[in-house]
$ cat structure09.txt   # compact mmCIF, C-alpha atoms
# COMPACT_ATOMS: atom_id res chain seq x y z
CA MET A 247 205.77 188.01 2.12
CA ILE A 248 208.03 185.60 0.23
CA THR A 249 206.70 183.95 -2.92
CA ILE A 250 207.68 180.69 -4.65
CA SER A 251 208.59 180.52 -8.33
CA GLU A 252 206.99 177.89 -10.58
CA VAL A 253 210.34 176.12 -10.97
CA ALA A 254 210.97 176.10 -7.21
CA ALA A 255 207.46 174.76 -6.53
CA ASP A 256 208.06 171.90 -8.97
CA LYS A 257 211.45 171.14 -7.38
CA ILE A 258 210.00 171.19 -3.85
CA LYS A 259 207.41 168.58 -4.86
CA GLU A 260 210.06 166.51 -6.67
CA ILE A 261 212.36 166.48 -3.62
CA LEU A 262 209.60 165.68 -1.15
CA ASN A 263 208.32 162.85 -3.33
CA ALA A 264 211.85 161.46 -3.73
CA GLU A 265 212.29 161.56 0.06
CA GLY A 266 208.98 159.73 0.52
CA VAL A 267 207.39 162.65 2.39
CA PRO A 268 205.08 164.30 -0.16
CA ASN A 269 202.93 165.90 2.57
CA HIS A 270 205.85 167.74 4.17
CA ALA A 271 207.07 171.24 3.28
CA LEU A 272 210.30 173.18 3.04
CA ARG A 273 211.16 175.51 5.90
CA VAL A 274 213.35 178.57 5.51
CA THR A 275 215.01 180.12 8.56
CA THR A 276 217.60 182.82 9.16
CA ALA A 277 220.98 181.19 9.73
CA GLY A 278 223.07 183.94 11.23
CA GLY A 279 225.21 186.74 9.95
CA GLY A 280 225.49 185.97 6.29
CA CYS A 281 228.32 186.83 3.97
CA GLY A 282 228.71 190.58 4.35
CA CYS A 283 225.73 191.59 2.22
CA GLY A 284 222.79 190.37 4.29
CA PRO A 285 221.52 187.41 6.25
CA SER A 286 222.06 183.78 5.30
CA TYR A 287 219.22 181.31 5.19
CA GLU A 288 218.83 177.60 5.80
CA ILE A 289 216.29 175.50 3.95
CA MET A 290 215.19 172.14 5.32
CA ILE A 291 212.34 169.65 5.09
CA ASP A 292 209.75 169.97 7.87
CA ASP A 293 206.44 168.32 8.68
CA LYS A 294 204.74 170.85 10.95
CA THR A 295 204.29 174.54 11.43
CA GLY A 296 205.29 176.42 14.53
CA ASP A 297 203.53 179.21 16.38
CA GLY A 298 203.54 182.34 14.26
CA ASP A 299 204.71 180.59 11.08
CA THR A 300 203.64 181.85 7.69
CA VAL A 301 202.68 179.14 5.22
CA VAL A 302 203.23 179.98 1.55
CA GLU A 303 201.76 177.66 -1.08
CA LYS A 304 202.18 177.40 -4.82
CA ASN A 305 200.86 174.59 -7.03
CA GLY A 306 200.75 172.16 -4.11
CA ALA A 307 204.22 173.02 -2.76
CA ARG A 308 204.42 174.54 0.71
CA LEU A 309 207.02 176.72 2.42
CA PHE A 310 207.05 177.37 6.19
CA VAL A 311 208.62 180.62 7.42
CA ASP A 312 208.94 181.65 11.06
CA ALA A 313 207.90 185.18 12.05
CA SER A 314 211.39 186.67 12.43
CA THR A 315 212.60 185.23 9.11
CA ALA A 316 209.42 186.37 7.35
CA GLN A 317 210.33 189.99 8.12
CA SER A 318 213.70 189.73 6.36
CA LEU A 319 212.09 187.96 3.38
CA ALA A 320 209.41 190.54 2.63
CA GLY A 321 209.26 190.88 -1.16
CA ALA A 322 211.61 187.95 -1.76
CA GLU A 323 211.11 184.98 -4.07
CA LEU A 324 212.28 181.41 -3.52
CA GLY A 325 213.63 180.19 -6.83
CA PHE A 326 215.61 177.24 -8.07
CA ILE A 327 218.70 177.80 -10.19
CA LYS A 328 220.90 175.49 -12.18
CA ASP A 329 224.13 176.75 -13.71
CA GLU A 330 227.79 175.87 -14.11
CA ARG A 331 228.31 176.11 -10.33
CA GLY A 332 225.60 173.57 -9.58
CA GLU A 333 221.97 173.75 -8.66
CA GLY A 334 219.98 174.74 -5.64
CA PHE A 335 217.33 176.91 -4.12
CA ALA A 336 218.03 180.63 -4.13
CA ILE A 337 216.33 183.50 -2.39
CA GLY A 338 216.16 186.57 -4.57
CA PHE A 339 214.81 190.03 -4.09
CA PRO A 340 213.38 191.13 -7.46
CA ASN A 341 212.67 194.63 -6.12
CA GLY A 342 215.99 194.97 -4.27
CA ALA A 343 216.86 193.53 -0.88
CA PRO A 344 215.38 195.42 2.05
CA SER A 345 218.73 195.78 3.84
CA GLY A 346 221.08 195.85 0.88
CA GLY A 347 221.65 192.10 0.98
CA GLY A 348 220.64 189.52 -1.54
CA CYS A 349 222.22 186.44 -0.08
CA GLY A 350 220.39 183.20 -0.26
CA CYS A 351 220.86 179.53 -0.16
CA GLY A 352 222.59 177.65 -2.91
CA GLY A 353 224.59 174.59 -3.65
CA GLU A 354 222.88 171.54 -2.27
CA GLU A 355 219.33 170.33 -2.03
CA PRO A 356 217.82 170.41 1.45
CA LYS A 357 218.53 167.49 3.74
CA SER A 358 216.01 166.61 6.45
CA SER A 359 214.09 168.24 9.26
CA SER A 360 216.65 166.82 11.68
CA GLY A 361 219.12 169.57 10.95
CA GLY A 362 220.16 169.48 7.31
CA GLY A 363 220.23 172.61 5.30
CA CYS A 364 221.38 174.20 2.17
CA GLY A 365 225.05 173.55 2.08
CA SER A 366 227.74 176.13 2.11
CA GLY A 367 226.16 179.51 1.69
CA GLY A 368 225.87 180.45 -1.96
CA CYS A 369 225.96 184.16 -1.29
CA GLY A 370 226.05 185.44 -4.84
CA CYS A 371 227.41 188.82 -3.71
CA SER A 372 230.06 190.47 -5.81
$ encode --input "structure09.txt" --output "structure tokens"
Amino acid sequence: MITISEVAADKIKEILNAEGVPNHALRVTTAGGGCGCGPSYEIMIDDKTGDGDTVVEKNGARLFVDASTAQSLAGAELGFIKDERGEGFAIGFPNGAPSGGGCGCGGEEPKSSSGGGCGSGGCGCS
């Protein structure tokens, strides 16, 4: 199962409060083929769970993950990074990615449940 870092939990709550939807959650889904080192993910704001969703909570922040995405995120952690390239959520695999990939979502903050997402990839592969 995916976990949420302390920093990411704080950022989730900050974003949801700023959007005026503090009772919503972030949703992470698989977004296709990725960047050559594993799947890519989209992160968006959502207000309800779907059938088979996993709900991960940390310090009042919630993350919804559908069943197929949950499999690829086993052992992963949702973090939030800020560096010279910008800031954004990142999915990391502290114990190594299950399929050799460590791609995640970077760049922009999530948009809305109506189709936004995490920007332009942010693979992080070298």
$ closest_residue --input "structure09.txt" --among "A:Ser318, A:Asn305, A:Thr300, A:Thr275" --to "A:Glu288" --atoms "only C-alpha atoms"
A:Thr275
$ residues_around --input "structure09.txt" --residues "stretch 269-271 of chain A" --least-positions-apart "3" --cutoff "9 Å" --atoms "all atoms listed in the file" --output "list in words"
Ile258, Lys259, Leu262, Asn263, Gly266, Met290, Ile291, Asp292, Asp293, Lys294, Ala307, Arg308, Leu309 and Phe310 of chain A
$ write_last_selection --input "structure09.txt" --atoms "C-alpha atoms" --output "mmCIF file, in the frame of the given file"
data_model
loop_
_atom_site.group_PDB
_atom_site.id
_atom_site.type_symbol
_atom_site.label_atom_id
_atom_site.label_comp_id
_atom_site.auth_asym_id
_atom_site.auth_seq_id
_atom_site.Cartn_x
_atom_site.Cartn_y
_atom_site.Cartn_z
ATOM 1 C CA ILE A 258 210.000 171.190 -3.850
ATOM 2 C CA LYS A 259 207.410 168.580 -4.860
ATOM 3 C CA LEU A 262 209.600 165.680 -1.150
ATOM 4 C CA ASN A 263 208.320 162.850 -3.330
ATOM 5 C CA GLY A 266 208.980 159.730 0.520
ATOM 6 C CA MET A 290 215.190 172.140 5.320
ATOM 7 C CA ILE A 291 212.340 169.650 5.090
ATOM 8 C CA ASP A 292 209.750 169.970 7.870
ATOM 9 C CA ASP A 293 206.440 168.320 8.680
ATOM 10 C CA LYS A 294 204.740 170.850 10.950
ATOM 11 C CA ALA A 307 204.220 173.020 -2.760
ATOM 12 C CA ARG A 308 204.420 174.540 0.710
ATOM 13 C CA LEU A 309 207.020 176.720 2.420
ATOM 14 C CA PHE A 310 207.050 177.370 6.190
#
$ closest_residue --input "structure09.txt" --among "A:Asp312, A:Gly306, A:Gly338, A:Asp297" --to "A:Phe326" --atoms "all atoms listed in the file"
A:Gly338
$ atom_distance --input "structure09.txt" --atom1 "atom CA of A:Asp299" --atom2 "atom CA of A:Asn341"
23.6 Å
$ residues_near_point --input "structure09.txt" --point "(217.5, 177.7, -11.0)" --cutoff "12 Å" --atoms "only C-alpha atoms" --output "PyMOL selection string"
chain A and resi 251-257+323-338+351-355
$ write_last_selection --input "structure09.txt" --atoms "C-alpha atoms" --output "CSV table (one decimal), in the frame of the given file"
chain,number,residue,atom,x,y,z
A,251,SER,CA,208.6,180.5,-8.3
A,252,GLU,CA,207.0,177.9,-10.6
A,253,VAL,CA,210.3,176.1,-11.0
A,254,ALA,CA,211.0,176.1,-7.2
A,255,ALA,CA,207.5,174.8,-6.5
A,256,ASP,CA,208.1,171.9,-9.0
A,257,LYS,CA,211.4,171.1,-7.4
A,323,GLU,CA,211.1,185.0,-4.1
A,324,LEU,CA,212.3,181.4,-3.5
A,325,GLY,CA,213.6,180.2,-6.8
A,326,PHE,CA,215.6,177.2,-8.1
A,327,ILE,CA,218.7,177.8,-10.2
A,328,LYS,CA,220.9,175.5,-12.2
A,329,ASP,CA,224.1,176.8,-13.7
A,330,GLU,CA,227.8,175.9,-14.1
A,331,ARG,CA,228.3,176.1,-10.3
A,332,GLY,CA,225.6,173.6,-9.6
A,333,GLU,CA,222.0,173.8,-8.7
A,334,GLY,CA,220.0,174.7,-5.6
A,335,PHE,CA,217.3,176.9,-4.1
A,336,ALA,CA,218.0,180.6,-4.1
A,337,ILE,CA,216.3,183.5,-2.4
A,338,GLY,CA,216.2,186.6,-4.6
A,351,CYS,CA,220.9,179.5,-0.2
A,352,GLY,CA,222.6,177.6,-2.9
A,353,GLY,CA,224.6,174.6,-3.6
A,354,GLU,CA,222.9,171.5,-2.3
A,355,GLU,CA,219.3,170.3,-2.0
$ atom_distance --input "structure09.txt" --atom1 "atom CA of A:Ile289" --atom2 "atom CA of A:Leu272"
6.5 Å
$ atom_distance --input "structure09.txt" --atom1 "atom CA of A:Phe339" --atom2 "atom CA of A:Ile250"
11.8 Å
$ build_atoms --input "structure09.txt" --residues "stretch 290-319 of chain A" --atoms "N, CA and C atoms" --output "short mmCIF file (atom, residue, chain, number, x, y, z; two decimals), in the coordinates of the input"
data_model
loop_
_atom_site.label_atom_id
_atom_site.label_comp_id
_atom_site.auth_asym_id
_atom_site.auth_seq_id
_atom_site.Cartn_x
_atom_site.Cartn_y
_atom_site.Cartn_z
N MET A 290 215.24 173.54 4.90
CA MET A 290 215.19 172.14 5.32
C MET A 290 213.77 171.60 5.12
N ILE A 291 213.64 170.30 5.16
CA ILE A 291 212.34 169.65 5.09
C ILE A 291 211.74 169.64 6.48
N ASP A 292 210.44 169.95 6.58
CA ASP A 292 209.75 169.97 7.87
C ASP A 292 208.34 169.42 7.69
N ASP A 293 207.78 168.91 8.78
CA ASP A 293 206.44 168.32 8.68
C ASP A 293 205.38 169.07 9.47
N LYS A 294 205.76 170.11 10.20
CA LYS A 294 204.74 170.85 10.95
C LYS A 294 205.12 172.31 11.10
N THR A 295 204.09 173.12 11.24
CA THR A 295 204.29 174.54 11.43
C THR A 295 204.49 174.83 12.91
N GLY A 296 205.12 175.95 13.16
CA GLY A 296 205.29 176.42 14.53
C GLY A 296 204.40 177.61 14.78
N ASP A 297 204.32 178.02 16.04
CA ASP A 297 203.53 179.21 16.38
C ASP A 297 204.05 180.42 15.63
N GLY A 298 203.17 181.13 14.97
CA GLY A 298 203.54 182.34 14.26
C GLY A 298 204.11 182.11 12.87
N ASP A 299 204.19 180.87 12.42
CA ASP A 299 204.71 180.59 11.08
C ASP A 299 203.77 181.12 9.99
N THR A 300 204.37 181.54 8.91
CA THR A 300 203.64 181.85 7.69
C THR A 300 203.75 180.62 6.80
N VAL A 301 202.67 180.25 6.16
CA VAL A 301 202.68 179.14 5.22
C VAL A 301 202.41 179.71 3.83
N VAL A 302 203.36 179.51 2.92
CA VAL A 302 203.23 179.98 1.55
C VAL A 302 203.03 178.74 0.68
N GLU A 303 202.05 178.80 -0.21
CA GLU A 303 201.76 177.66 -1.08
C GLU A 303 201.76 178.09 -2.54
N LYS A 304 202.24 177.19 -3.37
CA LYS A 304 202.18 177.40 -4.82
C LYS A 304 202.09 176.04 -5.49
N ASN A 305 201.05 175.82 -6.26
CA ASN A 305 200.86 174.59 -7.03
C ASN A 305 201.08 173.33 -6.20
N GLY A 306 200.62 173.33 -4.96
CA GLY A 306 200.75 172.16 -4.11
C GLY A 306 202.03 172.07 -3.31
N ALA A 307 202.97 172.97 -3.54
CA ALA A 307 204.22 173.02 -2.76
C ALA A 307 204.03 174.02 -1.63
N ARG A 308 204.55 173.66 -0.45
CA ARG A 308 204.42 174.54 0.71
C ARG A 308 205.78 174.94 1.26
N LEU A 309 205.83 176.16 1.79
CA LEU A 309 207.02 176.72 2.42
C LEU A 309 206.60 177.27 3.76
N PHE A 310 207.29 176.85 4.85
CA PHE A 310 207.05 177.37 6.19
C PHE A 310 208.12 178.41 6.50
N VAL A 311 207.69 179.54 7.06
CA VAL A 311 208.62 180.62 7.42
C VAL A 311 208.24 181.13 8.80
N ASP A 312 209.22 181.13 9.73
CA ASP A 312 208.94 181.65 11.06
C ASP A 312 208.82 183.17 11.01
N ALA A 313 208.23 183.75 12.04
CA ALA A 313 207.90 185.18 12.05
C ALA A 313 209.12 186.08 11.86
N SER A 314 210.22 185.79 12.55
CA SER A 314 211.39 186.67 12.43
C SER A 314 212.03 186.57 11.04
N THR A 315 212.04 185.39 10.46
CA THR A 315 212.60 185.23 9.11
C THR A 315 211.68 185.88 8.09
N ALA A 316 210.38 185.79 8.30
CA ALA A 316 209.42 186.37 7.35
C ALA A 316 209.67 187.87 7.16
N GLN A 317 210.06 188.55 8.23
CA GLN A 317 210.33 189.99 8.12
C GLN A 317 211.47 190.26 7.15
N SER A 318 212.55 189.47 7.23
CA SER A 318 213.70 189.73 6.36
C SER A 318 213.45 189.26 4.93
N LEU A 319 212.38 188.48 4.72
CA LEU A 319 212.09 187.96 3.38
C LEU A 319 210.93 188.67 2.70
#
